[in-house]
$ cat query-v5.tsv   # TSV, C-alpha atoms
chain	number	residue	atom	x	y	z
A	696	MET	CA	42.63	196.91	148.47
A	697	ASP	CA	46.33	197.53	148.27
A	698	VAL	CA	48.56	196.83	145.31
A	699	LYS	CA	50.06	193.60	146.66
A	700	THR	CA	46.62	192.12	147.28
A	701	GLY	CA	45.51	192.95	143.75
A	702	GLU	CA	48.60	191.28	142.24
A	703	PHE	CA	47.98	188.15	144.26
A	704	MET	CA	44.34	187.89	143.13
A	705	SER	CA	45.37	188.30	139.50
A	706	TYR	CA	47.97	185.54	139.82
A	707	PHE	CA	45.39	183.23	141.43
A	708	ARG	CA	42.90	183.82	138.57
A	709	LEU	CA	45.59	182.92	135.99
A	710	ILE	CA	46.34	179.62	137.69
A	711	HIS	CA	42.64	178.80	137.91
A	712	LEU	CA	42.13	179.48	134.21
A	713	PHE	CA	45.19	177.30	133.35
A	714	VAL	CA	43.81	174.33	135.29
A	715	LEU	CA	40.37	174.64	133.66
A	716	SER	CA	42.00	174.78	130.21
A	717	ALA	CA	44.06	171.64	130.91
A	718	LEU	CA	40.99	169.71	132.00
A	719	ALA	CA	39.10	170.81	128.90
A	720	ILE	CA	41.96	169.67	126.64
A	721	ALA	CA	42.18	166.28	128.41
A	722	GLY	CA	38.45	165.79	127.94
A	723	GLY	CA	38.74	166.66	124.26
A	724	CYS	CA	41.55	163.98	123.61
A	725	GLY	CA	39.18	161.29	124.77
A	726	ASN	CA	36.77	162.04	121.89
A	727	GLY	CA	33.91	161.01	124.15
A	728	ASP	CA	35.26	157.40	124.36
A	729	SER	CA	35.10	156.08	127.88
A	730	ASN	CA	37.21	152.88	127.09
A	731	PRO	CA	40.85	153.03	128.35
A	732	ALA	CA	43.81	152.72	125.88
A	733	PRO	CA	45.14	149.14	125.49
A	734	ARG	CA	48.26	148.32	127.47
A	735	SER	CA	51.49	147.60	125.52
A	736	ARG	CA	51.84	144.10	126.96
A	737	ASP	CA	48.48	143.14	125.45
A	738	LEU	CA	49.63	144.04	121.90
A	739	ALA	CA	50.83	141.16	119.64
A	740	ILE	CA	54.36	141.50	118.24
A	741	SER	CA	55.02	140.64	114.60
A	742	VAL	CA	57.84	138.11	114.32
A	743	ASP	CA	59.34	135.76	111.74
A	744	ALA	CA	59.31	132.05	112.49
A	745	VAL	CA	60.30	128.76	110.90
A	746	ILE	CA	59.00	125.23	111.17
A	747	VAL	CA	61.72	122.94	112.51
A	748	ARG	CA	62.28	119.98	110.17
A	749	PRO	CA	64.80	117.09	110.37
A	750	GLN	CA	67.51	117.26	107.71
A	751	SER	CA	70.79	115.56	106.86
A	752	LEU	CA	73.94	116.96	108.43
A	753	GLN	CA	77.63	116.35	107.78
A	754	ASP	CA	80.07	117.16	110.56
A	755	ASN	CA	83.05	118.32	108.50
A	756	ILE	CA	86.42	119.69	109.56
A	757	TYR	CA	89.24	121.06	107.44
A	758	SER	CA	92.96	120.42	107.38
A	759	THR	CA	95.94	120.42	105.04
A	760	GLY	CA	97.91	117.46	103.79
A	761	THR	CA	100.58	116.10	101.48
A	762	LEU	CA	100.16	113.65	98.61
A	763	LEU	CA	102.23	110.46	98.80
A	764	ALA	CA	102.79	107.67	96.30
A	765	ASN	CA	100.88	104.48	97.00
A	766	GLU	CA	104.15	102.58	96.55
A	767	GLU	CA	107.60	104.09	96.04
A	768	VAL	CA	111.05	102.55	95.73
A	769	GLU	CA	114.61	103.49	94.78
A	770	LEU	CA	116.03	101.01	92.29
A	771	ARG	CA	119.49	99.94	93.45
A	772	SER	CA	121.57	96.87	92.70
A	773	GLU	CA	122.33	94.27	95.36
A	774	THR	CA	125.78	93.61	93.85
A	775	SER	CA	128.54	95.43	92.01
A	776	GLY	CA	129.38	94.99	88.35
A	777	ARG	CA	129.28	96.29	84.81
A	778	ILE	CA	125.81	97.09	83.42
A	779	THR	CA	125.12	95.02	80.31
A	780	GLY	CA	121.52	96.08	79.69
A	781	VAL	CA	118.99	98.79	80.57
A	782	PHE	CA	115.47	97.69	79.67
A	783	PHE	CA	113.27	100.60	80.75
A	784	GLU	CA	112.44	104.07	79.50
A	785	GLU	CA	112.17	107.11	81.72
A	786	GLY	CA	108.61	108.06	82.62
A	787	LYS	CA	107.12	104.84	81.25
A	788	LYS	CA	104.89	102.35	82.99
A	789	VAL	CA	106.12	98.85	83.78
A	790	LYS	CA	104.54	95.68	85.11
A	791	LYS	CA	105.54	93.75	88.20
A	792	GLY	CA	108.37	91.32	87.37
A	793	ASP	CA	109.58	93.18	84.24
A	794	LEU	CA	113.40	93.09	83.84
A	795	LEU	CA	114.69	96.66	84.23
A	796	LEU	CA	118.47	96.31	84.45
A	797	LYS	CA	121.10	93.57	83.97
A	798	ILE	CA	124.65	93.33	85.36
A	799	ASN	CA	127.41	91.19	83.85
A	800	ASP	CA	127.12	87.63	85.26
A	801	ARG	CA	129.26	85.56	82.87
A	802	ASP	CA	131.47	84.21	85.64
A	803	LEU	CA	128.46	83.22	87.70
A	804	GLN	CA	126.83	81.54	84.70
A	805	ALA	CA	130.00	79.50	84.19
A	806	GLN	CA	130.01	78.46	87.84
A	807	LEU	CA	126.36	77.52	87.57
A	808	LYS	CA	126.96	75.38	84.51
A	809	ARG	CA	129.80	73.55	86.26
A	810	LYS	CA	127.74	72.99	89.36
A	811	GLN	CA	124.83	71.63	87.31
A	812	LEU	CA	127.19	69.04	85.76
A	813	GLU	CA	128.44	68.07	89.21
A	814	GLU	CA	124.87	67.72	90.39
A	815	ASP	CA	123.99	65.46	87.45
A	816	PHE	CA	126.99	63.25	88.16
A	817	ALA	CA	126.24	63.10	91.88
A	818	ALA	CA	122.59	62.27	91.16
A	819	ASP	CA	123.60	59.35	88.93
A	820	ASP	CA	126.05	58.12	91.55
A	821	GLU	CA	123.39	58.36	94.25
A	822	TYR	CA	120.96	56.40	92.04
A	823	ARG	CA	123.46	53.55	91.55
A	824	LYS	CA	124.45	53.43	95.22
A	825	ARG	CA	120.79	53.30	96.24
A	826	ALA	CA	120.29	50.20	94.08
A	827	LEU	CA	123.34	48.56	95.70
A	828	TYR	CA	122.16	49.58	99.14
A	829	ASP	CA	118.76	48.01	98.52
A	830	LYS	CA	120.61	44.74	97.71
A	831	GLN	CA	122.73	45.22	100.82
A	832	ALA	CA	125.83	45.36	98.61
A	833	ILE	CA	127.10	48.51	100.35
A	834	SER	CA	126.86	49.79	103.88
A	835	GLN	CA	124.56	52.48	105.23
A	836	GLN	CA	127.53	54.77	105.74
A	837	GLU	CA	128.60	54.59	102.09
A	838	PHE	CA	125.10	55.40	100.86
A	839	ASP	CA	124.71	58.28	103.34
A	840	GLN	CA	127.99	59.80	102.13
A	841	VAL	CA	126.85	59.80	98.50
A	842	HIS	CA	123.46	61.26	99.43
A	843	LYS	CA	125.14	63.98	101.47
A	844	THR	CA	127.42	64.90	98.59
A	845	LEU	CA	124.43	65.31	96.26
A	846	ASN	CA	122.62	67.63	98.71
A	847	MET	CA	125.73	69.77	99.18
A	848	ILE	CA	126.07	70.24	95.42
A	849	LYS	CA	122.39	71.24	95.19
A	850	ALA	CA	122.89	73.84	97.92
A	851	GLU	CA	125.93	75.27	96.13
A	852	ARG	CA	123.97	75.45	92.89
A	853	GLU	CA	121.13	77.32	94.63
A	854	LEU	CA	123.66	79.78	96.09
A	855	ILE	CA	125.03	80.56	92.63
A	856	GLU	CA	121.50	81.02	91.30
A	857	SER	CA	120.76	83.52	94.07
A	858	GLN	CA	123.92	85.44	93.19
A	859	ILE	CA	122.82	85.55	89.55
A	860	ALA	CA	119.42	86.85	90.62
A	861	LYS	CA	121.18	89.77	92.32
A	862	THR	CA	122.60	90.83	88.95
A	863	GLU	CA	119.09	91.68	87.78
A	864	ILE	CA	116.73	94.46	88.87
A	865	GLN	CA	113.07	93.61	88.32
A	866	ALA	CA	109.99	95.78	88.83
A	867	PRO	CA	108.68	95.06	92.35
A	868	PHE	CA	105.14	96.25	91.46
A	869	ASP	CA	103.13	97.87	88.69
A	870	GLY	CA	104.14	101.49	88.42
A	871	THR	CA	105.94	104.27	86.58
A	872	ILE	CA	109.71	104.67	86.24
A	873	GLY	CA	111.16	108.07	87.04
A	874	LEU	CA	114.41	109.57	85.79
A	875	ARG	CA	117.37	107.30	84.96
A	876	TYR	CA	120.74	107.88	86.62
A	877	ILE	CA	122.83	105.10	85.02
A	878	SER	CA	123.80	104.03	81.51
A	879	GLU	CA	124.64	100.74	79.85
A	880	GLY	CA	128.35	100.00	80.26
A	881	SER	CA	128.76	101.94	83.48
A	882	TYR	CA	129.90	100.30	86.73
A	883	ILE	CA	127.25	100.04	89.41
A	884	THR	CA	127.49	99.39	93.15
A	885	PRO	CA	124.81	98.86	95.81
A	886	GLY	CA	125.11	102.56	96.65
A	887	THR	CA	124.33	103.69	93.09
A	888	LEU	CA	120.80	104.95	92.42
A	889	ALA	CA	119.60	103.56	89.09
A	890	ALA	CA	116.15	105.20	89.07
A	891	THR	CA	113.01	105.66	91.13
A	892	MET	CA	109.70	103.91	90.67
A	893	GLN	CA	106.25	104.84	91.94
A	894	ASN	CA	102.70	103.60	91.93
A	895	ILE	CA	100.29	106.57	92.15
A	896	ASN	CA	96.90	104.95	91.54
A	897	PRO	CA	95.49	105.19	94.10
A	898	ILE	CA	97.45	108.01	95.66
A	899	LYS	CA	97.82	108.50	99.41
A	900	VAL	CA	97.03	111.64	101.42
A	901	GLU	CA	98.71	112.26	104.77
A	902	PHE	CA	97.11	114.83	107.09
A	903	SER	CA	96.58	115.64	110.77
A	904	VAL	CA	93.56	116.68	112.85
A	905	PRO	CA	93.40	118.29	116.32
A	906	GLU	CA	93.29	115.86	119.21
A	907	LYS	CA	89.70	116.76	120.14
A	908	TYR	CA	88.53	114.97	116.98
A	909	ALA	CA	90.56	111.81	117.69
A	910	SER	CA	87.54	109.80	118.81
A	911	LYS	CA	85.55	110.64	115.66
A	912	LEU	CA	88.24	109.97	113.04
A	913	THR	CA	88.08	106.32	111.94
A	914	SER	CA	89.57	104.13	109.24
A	915	ASN	CA	86.39	104.56	107.17
A	916	SER	CA	86.03	108.35	107.37
A	917	LYS	CA	85.46	110.03	104.00
A	918	ILE	CA	87.54	112.94	102.75
A	919	THR	CA	87.58	115.39	99.85
A	920	ILE	CA	90.79	117.07	98.65
A	921	GLN	CA	91.77	119.98	96.41
A	922	THR	CA	95.28	120.75	95.18
A	923	GLY	CA	96.80	124.12	94.42
A	924	ASP	CA	94.46	126.63	92.80
A	925	TYR	CA	92.47	123.95	90.99
A	926	GLN	CA	88.75	123.71	91.70
A	927	ASP	CA	88.59	119.97	90.97
A	928	LYS	CA	87.69	117.88	94.00
A	929	TYR	CA	88.72	114.28	94.61
A	930	ASN	CA	87.02	111.92	97.05
A	931	GLY	CA	88.84	109.40	99.17
A	932	VAL	CA	88.60	107.19	102.27
A	933	VAL	CA	90.81	107.07	105.36
A	934	TYR	CA	92.52	103.68	105.61
A	935	ALA	CA	94.82	104.14	108.62
A	936	VAL	CA	94.98	106.34	111.73
A	937	GLU	CA	98.04	106.77	113.93
A	938	ALA	CA	97.79	104.88	117.23
A	939	LYS	CA	98.69	107.92	119.35
A	940	VAL	CA	98.45	111.71	119.43
A	941	ASP	CA	101.67	113.61	118.72
A	942	PRO	CA	102.52	115.23	122.09
A	943	GLY	CA	104.45	118.01	120.35
A	944	THR	CA	101.66	119.25	118.07
A	945	ARG	CA	98.64	117.75	119.90
A	946	THR	CA	97.40	116.37	116.58
A	947	LEU	CA	96.51	112.93	115.27
A	948	LYS	CA	98.01	111.81	111.97
A	949	ALA	CA	96.05	109.78	109.41
A	950	ARG	CA	96.32	108.57	105.83
A	951	ALA	CA	93.71	108.14	103.13
A	952	THR	CA	93.65	106.81	99.59
A	953	VAL	CA	92.23	108.70	96.61
A	954	PRO	CA	91.62	107.13	93.16
A	955	ASN	CA	93.99	108.66	90.62
A	956	PRO	CA	93.44	106.93	87.25
A	957	SER	CA	94.32	110.05	85.25
A	958	ALA	CA	97.58	110.57	87.20
A	959	LYS	CA	96.74	114.27	87.71
A	960	LEU	CA	97.59	114.01	91.39
A	961	ILE	CA	101.36	113.96	91.87
A	962	PRO	CA	103.22	112.86	95.02
A	963	GLY	CA	104.58	115.74	97.05
A	964	LEU	CA	101.78	118.20	96.26
A	965	PHE	CA	100.17	120.25	99.02
A	966	CYS	CA	96.41	119.78	99.30
A	967	LYS	CA	93.40	121.04	101.22
A	968	VAL	CA	91.54	118.27	103.02
A	969	GLU	CA	87.89	118.22	104.07
A	970	ILE	CA	87.14	115.37	106.48
A	971	MET	CA	83.62	114.15	107.20
A	972	LEU	CA	83.68	112.98	110.82
A	973	GLU	CA	79.98	112.18	111.16
A	974	TYR	CA	76.82	111.93	109.06
A	975	ILE	CA	73.46	112.57	110.76
A	976	PRO	CA	70.42	111.89	108.53
A	977	ASP	CA	67.79	113.51	110.80
A	978	ALA	CA	69.45	116.44	112.58
A	979	LEU	CA	67.36	119.37	113.85
A	980	MET	CA	69.08	122.45	112.42
A	981	ILE	CA	67.98	126.01	113.25
A	982	PRO	CA	69.34	129.48	112.38
A	983	ALA	CA	72.17	130.51	114.70
A	984	GLU	CA	70.54	133.90	115.41
A	985	ALA	CA	67.56	132.16	117.05
A	986	VAL	CA	69.70	130.89	119.93
A	987	ILE	CA	69.89	133.17	122.98
A	988	PRO	CA	72.97	132.59	125.19
A	989	GLU	CA	72.55	132.68	128.94
A	990	LEU	CA	74.99	132.35	131.81
A	991	ASN	CA	75.30	128.56	131.84
A	992	SER	CA	72.86	127.56	129.14
A	993	GLU	CA	71.14	128.56	125.91
A	994	LYS	CA	67.50	128.97	125.01
A	995	VAL	CA	65.14	129.66	122.09
A	996	PHE	CA	61.60	130.98	121.78
A	997	VAL	CA	58.83	128.90	120.22
A	998	CYS	CA	55.34	129.97	119.24
A	999	ARG	CA	52.39	128.02	120.66
A	1000	ASN	CA	48.78	129.14	120.23
A	1001	GLY	CA	49.85	132.66	119.32
A	1002	GLN	CA	52.11	133.09	122.34
A	1003	ALA	CA	55.89	132.95	122.79
A	1004	TYR	CA	57.51	130.54	125.23
A	1005	SER	CA	61.22	130.13	126.05
A	1006	VAL	CA	62.70	126.63	125.79
A	1007	PRO	CA	66.16	125.62	127.10
A	1008	VAL	CA	68.14	123.78	124.42
A	1009	THR	CA	71.37	121.83	124.01
A	1010	VAL	CA	73.49	122.84	121.04
A	1011	GLY	CA	75.51	120.31	119.03
A	1012	ILE	CA	77.32	120.87	115.75
A	1013	ARG	CA	77.67	124.42	114.45
A	1014	THR	CA	77.94	125.41	110.79
A	1015	ASP	CA	78.51	128.83	109.24
A	1016	ARG	CA	74.79	129.76	109.51
A	1017	ASN	CA	73.00	127.08	111.53
A	1018	VAL	CA	73.33	125.08	114.72
A	1019	GLN	CA	72.20	121.59	115.60
A	1020	ILE	CA	69.81	121.18	118.52
A	1021	THR	CA	70.28	117.86	120.26
A	1022	ASP	CA	67.77	118.43	123.06
A	1023	GLY	CA	64.88	120.81	123.75
A	1024	LEU	CA	63.15	121.00	120.35
A	1025	ASN	CA	60.97	118.56	118.47
A	1026	PRO	CA	60.19	118.26	114.76
A	1027	ASN	CA	57.42	120.63	113.60
A	1028	ASP	CA	57.99	123.11	116.44
A	1029	THR	CA	57.45	126.75	115.41
A	1030	LEU	CA	60.71	128.54	116.15
A	1031	ILE	CA	60.80	132.34	116.45
A	1032	VAL	CA	63.84	133.90	114.78
A	1033	THR	CA	63.23	137.69	114.97
A	1034	GLY	CA	62.10	140.16	117.65
A	1035	LEU	CA	63.72	138.07	120.36
A	1036	LEU	CA	64.65	141.02	122.57
A	1037	GLN	CA	60.97	141.95	122.94
A	1038	LEU	CA	59.79	138.49	123.92
A	1039	THR	CA	58.86	137.11	127.31
A	1040	ASP	CA	57.02	133.96	128.27
A	1041	GLY	CA	53.36	134.27	127.30
A	1042	LYS	CA	53.89	137.28	125.05
A	1043	LYS	CA	51.37	137.44	122.21
A	1044	VAL	CA	52.95	137.20	118.76
A	1045	GLN	CA	51.87	137.28	115.14
A	1046	ALA	CA	54.24	134.87	113.42
A	1047	LYS	CA	55.07	134.92	109.72
A	1048	ILE	CA	56.06	131.30	109.20
A	1049	SER	CA	58.44	129.83	106.64
A	1050	ARG	CA	60.16	126.46	106.46
A	1051	THR	CA	63.80	125.86	107.32
A	1052	GLU	CA	66.13	125.23	104.37

$ encode --input "query-v5.tsv" --output "C-alpha cells"
Amino acid sequence: MDVKTGEFMSYFRLIHLFVLSALAIAGGCGNGDSNPAPRSRDLAISVDAVIVRPQSLQDNIYSTGTLLANEEVELRSETSGRITGVFFEEGKKVKKGDLLLKINDRDLQAQLKRKQLEEDFAADDEYRKRALYDKQAISQQEFDQVHKTLNMIKAERELIESQIAKTEIQAPFDGTIGLRYISEGSYITPGTLAATMQNINPIKVEFSVPEKYASKLTSNSKITIQTGDYQDKYNGVVYAVEAKVDPGTRTLKARATVPNPSAKLIPGLFCKVEIMLEYIPDALMIPAEAVIPELNSEKVFVCRNGQAYSVPVTVGIRTDRNVQITDGLNPNDTLIVTGLLQLTDGKKVQAKISRTE
C-alpha cells in the first residue's frame, strides 16, 4: 500500500470516529427521555393586565385670559361748570345712586324757582277757566289756550330740572372708586375725567379657545383660573360665547364670571384658564401604552380564558397617561398592558391582574 492510500485511510477513520462521537453526545443530552422539547409557541407568556372599569372623566383644555371688571365706567360731567362739592374718597366703595360730585347750579335753581311760580299761577288760572267753561261762560278756544299755556310751563320746568340733574354725578352701580383727578373749586367740562369706578365682584375673565372646540364650549361651561405665580384656584362659569370664530386667529372668544368677594382678583391681570368642555361619568379609560397603532386603526389585547386576543378599538379623549375607549371594550374586560410585542391571537398568557386607577 502506497503512502497516499495510507493517508486516505487514516483520514477516513478520523471522520468515522467524529461521527460516532457526535451521535454519542446527542444521545447523552436526551438523558434517556424520549419526549420531545416543548415548542416556544406552546409556552405561556407572563404579562401584566388590568380590569377595565368605568370612571368619571373631564375633558379639559387650557388657555390664557385677562381679568375684566364686571362693570366699569369713567366718571365725567355732562355739563361745564365750577365744582362745588366732591363727595367720594379714592379707593372707597359706594352704593348705586350716591352723590359723588356737584357742579354750581345757582342760576338753574333760580330759573327753576321762577318757573315753579309761573306753573302755580297758570294752574290756578286753568282751574278758574275750567269752572267758567263748565258753565259755558267762556269759549272752548279760551279754555284750550289756558290749558296749553300750563302744559308749556310744565315742559319748561322739566327741562330746567334735567339741566340741574346734569350738574350732579351719581354712582351708576355699586362699586369702588378709583383715583380722583379733580378737586373742589376747579372748572370741569364734559371732557374732564373726574375718576373711574369699577365693580369687581364677580369679576369677568376673557379668553379664547381653538376653533375645533367651538361646538363644545357653551354658556354653562365651567372654568378654573390661576393668576401670576399664585397657587390659589378660582372657579367660574362661562356666561357668553362670541357668535363667530375670529378668521385671523382661528379662535373663539368667550367670557366667564368668577366670584371675587375678597377683591384679590384685579382687572387687567393675566391668568391661566382651565376649561371643562365635557364631563363623562362612566368613561372607559385605559393606559395609553396598551393601545397598539396600526395603519388606519388601533387595537388592544385582552385576556380570555388564559389566551390573548386582539380587539380593534376607537379612541376618544386622551389625557397625559390614559386614553378613553369609546368602542371595542366593555366593562370588566381584562386588558393586557405589557408584553404586547410577543402577543398574537390565541397566544397563551399568565396575567398578573390589577385594577385601573

$ residues_around --input "query-v5.tsv" --residues "Glu856 in chain A" --least-positions-apart "5" --cutoff "12 Å" --atoms "all atoms listed in the file" --output "list in words"
Asp800, Asp802, Leu803, Gln804, Ala805, Gln806, Leu807, Lys808, Lys810, Gln811, Lys849, Ala850, Glu851, Lys861, Thr862 and Glu863 of chain A

$ write_last_selection --input "query-v5.tsv" --atoms "C-alpha atoms" --output "mmCIF file, in the coordinates of the input"
data_model
loop_
_atom_site.group_PDB
_atom_site.id
_atom_site.type_symbol
_atom_site.label_atom_id
_atom_site.label_comp_id
_atom_site.auth_asym_id
_atom_site.auth_seq_id
_atom_site.Cartn_x
_atom_site.Cartn_y
_atom_site.Cartn_z
ATOM 1 C CA ASP A 800 127.120 87.630 85.260
ATOM 2 C CA ASP A 802 131.470 84.210 85.640
ATOM 3 C CA LEU A 803 128.460 83.220 87.700
ATOM 4 C CA GLN A 804 126.830 81.540 84.700
ATOM 5 C CA ALA A 805 130.000 79.500 84.190
ATOM 6 C CA GLN A 806 130.010 78.460 87.840
ATOM 7 C CA LEU A 807 126.360 77.520 87.570
ATOM 8 C CA LYS A 808 126.960 75.380 84.510
ATOM 9 C CA LYS A 810 127.740 72.990 89.360
ATOM 10 C CA GLN A 811 124.830 71.630 87.310
ATOM 11 C CA LYS A 849 122.390 71.240 95.190
ATOM 12 C CA ALA A 850 122.890 73.840 97.920
ATOM 13 C CA GLU A 851 125.930 75.270 96.130
ATOM 14 C CA LYS A 861 121.180 89.770 92.320
ATOM 15 C CA THR A 862 122.600 90.830 88.950
ATOM 16 C CA GLU A 863 119.090 91.680 87.780
#

$ atom_distance --input "query-v5.tsv" --atom1 "CA of Gln753 in chain A" --atom2 "CA of Gly1011 in chain A"
12.1 Å

$ closest_residue --input "query-v5.tsv" --among "A:Pro942, A:Gly786, A:Gly760, A:Gly1034" --to "Pro962 in chain A" --atoms "only C-alpha atoms"
A:Gly760

$ residues_around --input "query-v5.tsv" --residues "range 886-893 of chain A" --least-positions-apart "2" --cutoff "7 Å" --atoms "all atoms listed in the file" --output "list in words"
Ala764, Glu766, Glu767, Val768, Glu769, Leu770, Arg771, Gly870, Thr871, Ile872, Gly873, Leu874, Arg875, Tyr876, Ile877, Ile883, Thr884 and Ile895 of chain A

$ atom_distance --input "query-v5.tsv" --atom1 "CA of Ala951 in chain A" --atom2 "CA of Ile920 in chain A"
10.4 Å

$ residues_around --input "query-v5.tsv" --residues "Thr922 in chain A" --least-positions-apart "3" --cutoff "8 Å" --atoms "all atoms listed in the file" --output "ChimeraX atom specification"
/A:925-927,964-967

$ write_last_selection --input "query-v5.tsv" --atoms "C-alpha atoms" --output "PDB file, in the coordinates of the input"
ATOM      1  CA  TYR A 925      92.470 123.950  90.990  1.00  0.00           C
ATOM      2  CA  GLN A 926      88.750 123.710  91.700  1.00  0.00           C
ATOM      3  CA  ASP A 927      88.590 119.970  90.970  1.00  0.00           C
ATOM      4  CA  LEU A 964     101.780 118.200  96.260  1.00  0.00           C
ATOM      5  CA  PHE A 965     100.170 120.250  99.020  1.00  0.00           C
ATOM      6  CA  CYS A 966      96.410 119.780  99.300  1.00  0.00           C
ATOM      7  CA  LYS A 967      93.400 121.040 101.220  1.00  0.00           C
TER       8      LYS A 967
END

$ closest_residue --input "query-v5.tsv" --among "A:Lys791, A:Lys1043, A:Lys843, A:Arg1013" --to "Arg999 in chain A" --atoms "only C-alpha atoms"
A:Lys1043

$ residues_near_point --input "query-v5.tsv" --point "(61.6, 139.7, 122.9)" --cutoff "12 Å" --atoms "all atoms listed in the file" --output "list in words"
Arg736, Ala739, Ile740, Ser741, Val742, Ala985, Ile987, Val995, Phe996, Val997, Gln1002, Ala1003, Tyr1004, Ser1005, Ile1031, Val1032, Thr1033, Gly1034, Leu1035, Leu1036, Gln1037, Leu1038, Thr1039, Asp1040, Gly1041, Lys1042, Lys1043 and Val1044 of chain A

$ atom_distance --input "query-v5.tsv" --atom1 "CA of Asn1017 in chain A" --atom2 "CA of Ile981 in chain A"
5.4 Å

$ closest_residue --input "query-v5.tsv" --among "A:Ile848, A:Ile798, A:Ala744, A:Ile859" --to "Ser775 in chain A" --atoms "all atoms listed in the file"
A:Ile798

$ residues_around --input "query-v5.tsv" --residues "Asn930 in chain A" --least-positions-apart "6" --cutoff "9 Å" --atoms "all atoms listed in the file" --output "PyMOL selection string"
chain A and resi 917-920+952-954

$ axis_aligned_box --input "query-v5.tsv" --around "range 822-830 of chain A" --padding-each-side "8 Å" --output "JSON"
{"center_x": 121.6, "center_y": 50.6, "center_z": 95.3, "size_x": 21.7, "size_y": 27.7, "size_z": 23.6}

$ residues_around --input "query-v5.tsv" --residues "Asn915 in chain A" --least-positions-apart "5" --cutoff "7 Å" --atoms "all atoms listed in the file" --output "list of chain:residue names"
A:Val932, A:Val933, A:Tyr934

$ closest_residue --input "query-v5.tsv" --among "A:Phe868, A:Glu973, A:Ser881, A:Ile1012" --to "Asp793 in chain A" --atoms "only C-alpha atoms"
A:Phe868

$ closest_residue --input "query-v5.tsv" --among "A:Asp743, A:Glu853, A:Glu901, A:Glu879" --to "Gly776 in chain A" --atoms "all atoms listed in the file"
A:Glu879

$ closest_residue --input "query-v5.tsv" --among "A:Asn765, A:Val841, A:Lys824, A:Ala938" --to "Asp869 in chain A" --atoms "all atoms listed in the file"
A:Asn765
